[in-house]
Amino acid sequence: MNSEALNETVLKNVRPEVEAWLAEFVERNGGFVGSVHLAELAGEGAVALVAAHNLPASVRNGTATVPFGKGMAGTAALRQESVAVPDYQTDTTGVTAPAGRAAGSRASLTLPVFDPEDDIKLLAVVGLGFRELRDFTAEDIAKYNTDATTVLAVI
């Protein structure tokens, strides 16, 4: 990716160890795009992008800092629960950001990760996008959520 196209906030917050974890997470779960936002960097009521996999610069820049309630990452953070969208490209629920369609994801899932010692303290939000349409079952979401918590080893 052309780093000149990335804004200063994205470049400042990049964590290579989290990007390496994310690439493996996306691959082992059959996705093609992904992201990790951390709560600690953004201040109260927002999450900051620290890792992206196969996301265009426009999407990375647009999600550099996401307020709670905006887009999938912000909605997962606000609700403190996973957000699943069977078709990001045609979604009309209000949880997707139209600019995010540039990533090319069809089905998307965003997973909040909490402190193991405090189940209401949000630490991260992990996003996973798939090329194909997908209806996520409760079992699918639980499986992806369990895997997403492995990010705690690198944040």
# chains A, B, ... in the order shown; residues from 1 in each chain; ligands from 1

call {"tool": "select_by_dssp", "arguments": {"residues": "chain A", "states": "strand (DSSP E)", "output": "ChimeraX atom specification"}}
result
/A:33-38,46-53,65-67,83-85,108-115,118-129

call {"tool": "residues_around", "arguments": {"residues": "A:Val95", "least_positions_apart": "4", "cutoff": "8 Å", "atoms": "only C-alpha atoms", "output": "PyMOL selection string"}}
result
chain A and resi 70-72+75

call {"tool": "write_last_selection", "arguments": {"atoms": "N, CA and C atoms", "output": "short mmCIF file (atom, residue, chain, number, x, y, z; two decimals), in the first residue's frame"}}
result
data_model
loop_
_atom_site.label_atom_id
_atom_site.label_comp_id
_atom_site.auth_asym_id
_atom_site.auth_seq_id
_atom_site.Cartn_x
_atom_site.Cartn_y
_atom_site.Cartn_z
N LYS A 70 -20.77 5.00 15.35
CA LYS A 70 -20.59 5.27 13.93
C LYS A 70 -19.95 4.07 13.25
N GLY A 71 -20.52 3.64 12.14
CA GLY A 71 -19.98 2.51 11.40
C GLY A 71 -20.04 1.23 12.21
N MET A 72 -19.50 0.18 11.66
CA MET A 72 -19.56 -1.13 12.34
C MET A 72 -18.71 -1.15 13.60
N THR A 75 -20.37 0.97 16.25
CA THR A 75 -21.61 0.34 16.72
C THR A 75 -21.31 -0.82 17.65
#

call {"tool": "residues_around", "arguments": {"residues": "A:His37", "least_positions_apart": "6", "cutoff": "8 Å", "atoms": "only C-alpha atoms", "output": "list of chain:residue names"}}
result
A:Val47, A:Ala48, A:Leu49, A:Val50, A:Ala51, A:Ala73, A:Ala124, A:Val125, A:Val126

call {"tool": "atom_distance", "arguments": {"atom1": "atom CA of A:Ala103", "atom2": "atom CA of A:Ser58"}}
result
8.9 Å

call {"tool": "atom_distance", "arguments": {"atom1": "atom CA of A:Lys143", "atom2": "atom CA of A:Arg131"}}
result
18.8 Å
